[in-house]
>>> print(open('start.cif').read())   # mmCIF, C-alpha atoms
data_entry
#
loop_
_atom_site.group_PDB
_atom_site.id
_atom_site.type_symbol
_atom_site.label_atom_id
_atom_site.label_comp_id
_atom_site.auth_asym_id
_atom_site.auth_seq_id
_atom_site.Cartn_x
_atom_site.Cartn_y
_atom_site.Cartn_z
ATOM 1 C CA MET A 293 1.098 33.514 -15.509
ATOM 2 C CA PRO A 294 4.865 33.619 -15.079
ATOM 3 C CA LYS A 295 6.848 35.511 -17.639
ATOM 4 C CA THR A 296 8.326 33.266 -20.298
ATOM 5 C CA PRO A 297 12.108 32.980 -20.232
ATOM 6 C CA GLU A 298 13.976 35.340 -22.510
ATOM 7 C CA ASP A 299 16.956 33.044 -22.896
ATOM 8 C CA THR A 300 17.234 29.687 -24.583
ATOM 9 C CA SER A 301 18.607 27.876 -21.557
ATOM 10 C CA SER A 302 16.877 24.550 -21.059
ATOM 11 C CA ASP A 303 17.033 25.092 -17.282
ATOM 12 C CA SER A 304 15.049 28.326 -17.597
ATOM 13 C CA TRP A 305 12.420 26.614 -19.684
ATOM 14 C CA HIS A 306 12.270 23.615 -17.325
ATOM 15 C CA ARG A 307 11.617 26.010 -14.415
ATOM 16 C CA PHE A 308 8.983 27.858 -16.409
ATOM 17 C CA PHE A 309 7.090 24.701 -17.358
ATOM 18 C CA ALA A 310 7.514 23.188 -13.890
ATOM 19 C CA ALA A 311 5.865 26.246 -12.345
ATOM 20 C CA GLN A 312 3.131 26.417 -14.991
ATOM 21 C CA ALA A 313 2.217 22.743 -14.603
ATOM 22 C CA ASN A 314 2.426 22.978 -10.810
ATOM 23 C CA ASN A 315 0.026 25.926 -10.689
ATOM 24 C CA GLU A 316 -2.412 24.233 -13.063
ATOM 25 C CA ALA A 317 -2.320 20.977 -11.090
ATOM 26 C CA TRP A 318 -2.943 22.692 -7.733
ATOM 27 C CA THR A 319 -5.846 24.614 -9.242
ATOM 28 C CA LEU A 320 -7.354 21.322 -10.408
ATOM 29 C CA ALA A 321 -6.549 19.549 -7.127
ATOM 30 C CA GLU A 322 -8.582 22.108 -5.182
ATOM 31 C CA VAL A 323 -11.767 21.402 -7.154
ATOM 32 C CA SER A 324 -14.340 19.097 -5.623
ATOM 33 C CA HIS A 325 -13.197 15.536 -6.284
ATOM 34 C CA SER A 326 -16.518 14.739 -7.926
ATOM 35 C CA ARG A 327 -15.985 17.516 -10.494
ATOM 36 C CA VAL A 328 -12.256 17.325 -11.142
ATOM 37 C CA ASN A 329 -10.826 16.320 -14.507
ATOM 38 C CA ALA A 330 -8.559 13.568 -13.160
ATOM 39 C CA LEU A 331 -6.643 13.101 -16.416
ATOM 40 C CA ALA A 332 -5.811 16.809 -16.657
ATOM 41 C CA LEU A 333 -4.769 16.810 -12.990
ATOM 42 C CA LEU A 334 -2.516 13.785 -13.401
ATOM 43 C CA ASN A 335 -0.965 15.148 -16.599
ATOM 44 C CA ALA A 336 -0.184 18.504 -14.990
ATOM 45 C CA ALA A 337 1.189 16.956 -11.787
ATOM 46 C CA HIS A 338 3.436 14.548 -13.677
ATOM 47 C CA ALA A 339 4.624 17.277 -16.048
ATOM 48 C CA SER A 340 5.543 19.471 -13.100
ATOM 49 C CA ALA A 341 7.379 16.633 -11.354
ATOM 50 C CA TRP A 342 9.291 15.770 -14.523
ATOM 51 C CA HIS A 343 10.480 19.348 -14.996
ATOM 52 C CA TRP A 344 11.380 19.757 -11.297
ATOM 53 C CA GLN A 345 13.334 16.515 -11.483
ATOM 54 C CA ALA A 346 15.484 18.112 -14.182
ATOM 55 C CA VAL A 347 16.228 21.438 -12.452
ATOM 56 C CA GLY A 348 14.734 21.554 -8.974
ATOM 57 C CA ASN A 349 16.383 21.212 -5.624
ATOM 58 C CA VAL A 350 15.279 18.592 -3.086
ATOM 59 C CA LEU A 351 12.529 20.860 -1.754
ATOM 60 C CA ASN A 352 11.105 21.455 -5.252
ATOM 61 C CA GLN A 353 11.189 17.727 -5.929
ATOM 62 C CA GLN A 354 9.507 16.828 -2.630
ATOM 63 C CA ARG A 355 6.794 19.416 -3.249
ATOM 64 C CA ALA A 356 6.267 17.824 -6.652
ATOM 65 C CA ILE A 357 5.937 14.420 -4.961
ATOM 66 C CA MET A 358 3.397 15.953 -2.575
ATOM 67 C CA LEU A 359 1.405 17.119 -5.588
ATOM 68 C CA LEU A 360 1.668 13.665 -7.177
ATOM 69 C CA ALA A 361 0.322 12.115 -3.970
ATOM 70 C CA GLN A 362 -2.647 14.462 -4.051
ATOM 71 C CA ALA A 363 -3.271 13.954 -7.780
ATOM 72 C CA HIS A 364 -3.152 10.170 -7.488
ATOM 73 C CA ALA A 365 -5.439 10.227 -4.439
ATOM 74 C CA VAL A 366 -7.970 12.436 -6.216
ATOM 75 C CA ALA A 367 -7.821 10.176 -9.285
ATOM 76 C CA GLY A 368 -8.476 7.122 -7.107
ATOM 77 C CA PHE A 369 -5.046 5.541 -7.483
ATOM 78 C CA GLY A 370 -4.646 4.754 -3.809
ATOM 79 C CA SER A 371 -1.545 2.550 -3.910
ATOM 80 C CA SER A 372 0.597 5.019 -5.839
ATOM 81 C CA ALA A 373 -0.883 7.954 -3.923
ATOM 82 C CA LEU A 374 0.193 6.398 -0.632
ATOM 83 C CA LEU A 375 3.687 5.606 -1.942
ATOM 84 C CA TYR A 376 4.164 9.253 -2.902
ATOM 85 C CA ALA A 377 2.533 10.468 0.314
ATOM 86 C CA ASN A 378 4.749 8.305 2.531
ATOM 87 C CA GLU A 379 7.869 9.605 0.801
ATOM 88 C CA MET A 380 6.993 13.293 0.987
ATOM 89 C CA ARG A 381 5.634 13.103 4.534
ATOM 90 C CA ALA A 382 8.817 11.422 5.764
ATOM 91 C CA TYR A 383 10.835 14.211 4.161
ATOM 92 C CA PHE A 384 8.763 17.118 5.495
ATOM 93 C CA LEU A 385 8.485 15.666 9.007
ATOM 94 C CA SER A 386 12.246 15.103 9.202
ATOM 95 C CA GLU A 387 13.255 18.490 7.795
ATOM 96 C CA PRO A 388 13.622 20.985 10.674
ATOM 97 C CA SER A 389 13.051 23.985 8.400
ATOM 98 C CA THR A 390 9.621 22.795 7.197
ATOM 99 C CA PRO A 391 7.145 25.625 7.783
ATOM 100 C CA ASP A 392 3.973 24.931 9.759
ATOM 101 C CA TRP A 393 1.701 25.315 6.716
ATOM 102 C CA GLU A 394 3.694 22.705 4.790
ATOM 103 C CA LEU A 395 3.478 20.246 7.675
ATOM 104 C CA ALA A 396 -0.300 20.738 7.669
ATOM 105 C CA PHE A 397 -0.353 20.055 3.914
ATOM 106 C CA ALA A 398 1.787 16.940 4.354
ATOM 107 C CA HIS A 399 -0.617 15.505 6.928
ATOM 108 C CA ALA A 400 -3.729 16.445 4.926
ATOM 109 C CA ILE A 401 -2.447 14.930 1.709
ATOM 110 C CA HIS A 402 -1.214 11.835 3.507
ATOM 111 C CA ALA A 403 -4.706 11.436 4.982
ATOM 112 C CA ASN A 404 -6.234 11.760 1.519
ATOM 113 C CA ALA A 405 -3.809 9.208 0.057
ATOM 114 C CA ALA A 406 -4.370 6.766 2.920
ATOM 115 C CA HIS A 407 -8.117 7.060 2.419
ATOM 116 C CA ALA A 408 -7.741 6.416 -1.323
ATOM 117 C CA ALA A 409 -5.604 3.353 -0.517
ATOM 118 C CA GLY A 410 -8.142 2.014 1.978
ATOM 119 C CA GLU A 411 -5.668 2.316 4.853
ATOM 120 C CA LEU A 412 -8.184 3.402 7.483
ATOM 121 C CA ALA A 413 -5.862 3.587 10.487
ATOM 122 C CA GLN A 414 -3.342 5.732 8.614
ATOM 123 C CA HIS A 415 -6.175 7.875 7.266
ATOM 124 C CA GLU A 416 -7.560 8.490 10.744
ATOM 125 C CA SER A 417 -4.133 9.254 12.231
ATOM 126 C CA SER A 418 -3.070 11.624 9.453
ATOM 127 C CA TYR A 419 -6.462 13.325 9.425
ATOM 128 C CA ALA A 420 -6.138 14.032 13.157
ATOM 129 C CA SER A 421 -2.576 15.295 12.649
ATOM 130 C CA ALA A 422 -3.787 17.580 9.862
ATOM 131 C CA GLU A 423 -6.596 18.980 12.018
ATOM 132 C CA SER A 424 -4.147 19.647 14.830
ATOM 133 C CA ALA A 425 -1.584 21.257 12.516
ATOM 134 C CA ILE A 426 -4.229 23.455 10.907
ATOM 135 C CA ARG A 427 -5.461 24.645 14.312
ATOM 136 C CA THR A 428 -1.969 25.861 15.175
ATOM 137 C CA LEU A 429 -1.442 27.888 11.985
ATOM 138 C CA ALA A 430 -0.939 31.492 13.071
ATOM 139 C CA ASP A 431 -1.268 33.013 9.622
ATOM 140 C CA GLU A 432 -4.869 33.130 8.373
ATOM 141 C CA ASN A 433 -3.748 33.104 4.713
ATOM 142 C CA ASP A 434 -1.848 29.869 5.356
ATOM 143 C CA ARG A 435 -4.924 28.347 7.017
ATOM 144 C CA VAL A 436 -7.134 29.299 4.052
ATOM 145 C CA MET A 437 -4.589 27.860 1.609
ATOM 146 C CA VAL A 438 -4.368 24.520 3.445
ATOM 147 C CA MET A 439 -8.136 24.331 3.945
ATOM 148 C CA ARG A 440 -8.724 24.542 0.173
ATOM 149 C CA THR A 441 -7.156 21.083 0.051
ATOM 150 C CA PHE A 442 -8.185 19.694 3.442
ATOM 151 C CA GLU A 443 -11.903 20.377 2.957
ATOM 152 C CA HIS A 444 -11.909 17.697 0.234
ATOM 153 C CA VAL A 445 -10.279 15.023 2.397
ATOM 154 C CA PRO A 446 -12.917 12.531 3.580
ATOM 155 C CA ARG A 447 -13.507 12.513 7.320
ATOM 156 C CA PRO A 448 -12.673 9.254 9.127
#
>>> encode(input="start.cif", output="structure tokens")
Amino acid sequence: MPKTPEDTSSDSWHRFFAAQANNEAWTLAEVSHSRVNALALLNAAHASAWHWQAVGNVLNQQRAIMLLAQAHAVAGFGSSALLYANEMRAYFLSEPSTPDWELAFAHAIHANAAHAAGELAQHESSYASAESAIRTLADENDRVMVMRTFEHVPRP
């Protein structure tokens, strides 16, 4: 658990709660979809996004949108999941500094959102892109981290 801010700055507290909610949401998002508490996941993801909107940079905000895409997909809200997923994937694919593990996440979560939305062609394409991106990850810790999410994405 991150240390609570010692000052009374609203920005410090926004960052604290953004990180807390983000960590809680990712923990929930990595649980088997059949066992996840969807309401808790959605609440945490939206709380994190709200706080990052107040104090985060573009990268923080896009990562929050990635989490929203995953949360909405897991909760079965395919249309909103795909809207979020399209936005974050466009950002991460166009940003030259995006690390390989984050590209793999973007594809995996887009595949999950497309599946939830019933967009089978997009699901199949993003799933294949995720598999390819995961295969190229050099760092084993990155691969394990991405696989905790990808293993719950339905196969085409």
>>> resolve_selection(input="start.cif", expression="the PyMOL selection byres ((chain A and resi 377) around 9)", output="PyMOL selection string")
chain A and resi 357-362+372-376+378-382+398-399+401-406
>>> resolve_selection(input="start.cif", expression="the PyMOL selection byres ((chain A and resi 341) around 8)", output="ChimeraX atom specification")
/A:310,337-340,342-345,353,356-357,360
>>> atom_distance(input="start.cif", atom1="CA of Ser424 in chain A", atom2="CA of Leu412 in chain A")
18.3 Å
>>> closest_residue(input="start.cif", among="A:Thr300, A:Phe384, A:Arg440, A:Arg447", to="Ala321 in chain A", atoms="all atoms listed in the file")
A:Arg440
>>> residues_around(input="start.cif", residues="Val438 in chain A", least_positions_apart="6", cutoff="12 Å", atoms="only C-alpha atoms", output="JSON, numbers by chain")
{"A": [318, 321, 322, 392, 393, 394, 395, 396, 397, 398, 399, 400, 401, 422, 423, 425, 426, 427, 429, 431, 432, 444, 445]}
>>> write_last_selection(input="start.cif", atoms="C-alpha atoms", output="PDB file, in the frame of the given file")
ATOM      1  CA  TRP A 318      -2.943  22.692  -7.733  1.00  0.00           C
ATOM      2  CA  ALA A 321      -6.549  19.549  -7.127  1.00  0.00           C
ATOM      3  CA  GLU A 322      -8.582  22.108  -5.182  1.00  0.00           C
ATOM      4  CA  ASP A 392       3.973  24.931   9.759  1.00  0.00           C
ATOM      5  CA  TRP A 393       1.701  25.315   6.716  1.00  0.00           C
ATOM      6  CA  GLU A 394       3.694  22.705   4.790  1.00  0.00           C
ATOM      7  CA  LEU A 395       3.478  20.246   7.675  1.00  0.00           C
ATOM      8  CA  ALA A 396      -0.300  20.738   7.669  1.00  0.00           C
ATOM      9  CA  PHE A 397      -0.353  20.055   3.914  1.00  0.00           C
ATOM     10  CA  ALA A 398       1.787  16.940   4.354  1.00  0.00           C
ATOM     11  CA  HIS A 399      -0.617  15.505   6.928  1.00  0.00           C
ATOM     12  CA  ALA A 400      -3.729  16.445   4.926  1.00  0.00           C
ATOM     13  CA  ILE A 401      -2.447  14.930   1.709  1.00  0.00           C
ATOM     14  CA  ALA A 422      -3.787  17.580   9.862  1.00  0.00           C
ATOM     15  CA  GLU A 423      -6.596  18.980  12.018  1.00  0.00           C
ATOM     16  CA  ALA A 425      -1.584  21.257  12.516  1.00  0.00           C
ATOM     17  CA  ILE A 426      -4.229  23.455  10.907  1.00  0.00           C
ATOM     18  CA  ARG A 427      -5.461  24.645  14.312  1.00  0.00           C
ATOM     19  CA  LEU A 429      -1.442  27.888  11.985  1.00  0.00           C
ATOM     20  CA  ASP A 431      -1.268  33.013   9.622  1.00  0.00           C
ATOM     21  CA  GLU A 432      -4.869  33.130   8.373  1.00  0.00           C
ATOM     22  CA  HIS A 444     -11.909  17.697   0.234  1.00  0.00           C
ATOM     23  CA  VAL A 445     -10.279  15.023   2.397  1.00  0.00           C
TER      24      VAL A 445
END
>>> resolve_selection(input="start.cif", expression="the PyMOL selection byres ((chain A and resi 332) around 12)", output="list of chain:residue names")
A:Ala313, A:Asn314, A:Glu316, A:Ala317, A:Trp318, A:Thr319, A:Leu320, A:Ala321, A:Arg327, A:Val328, A:Asn329, A:Ala330, A:Leu331, A:Leu333, A:Leu334, A:Asn335, A:Ala336, A:Ala337, A:His338, A:Ala339, A:Ala363, A:His364, A:Val366, A:Ala367
>>> closest_residue(input="start.cif", among="A:Ser326, A:Gly348, A:Glu411, A:Glu416", to="His306 in chain A", atoms="all atoms listed in the file")
A:Gly348
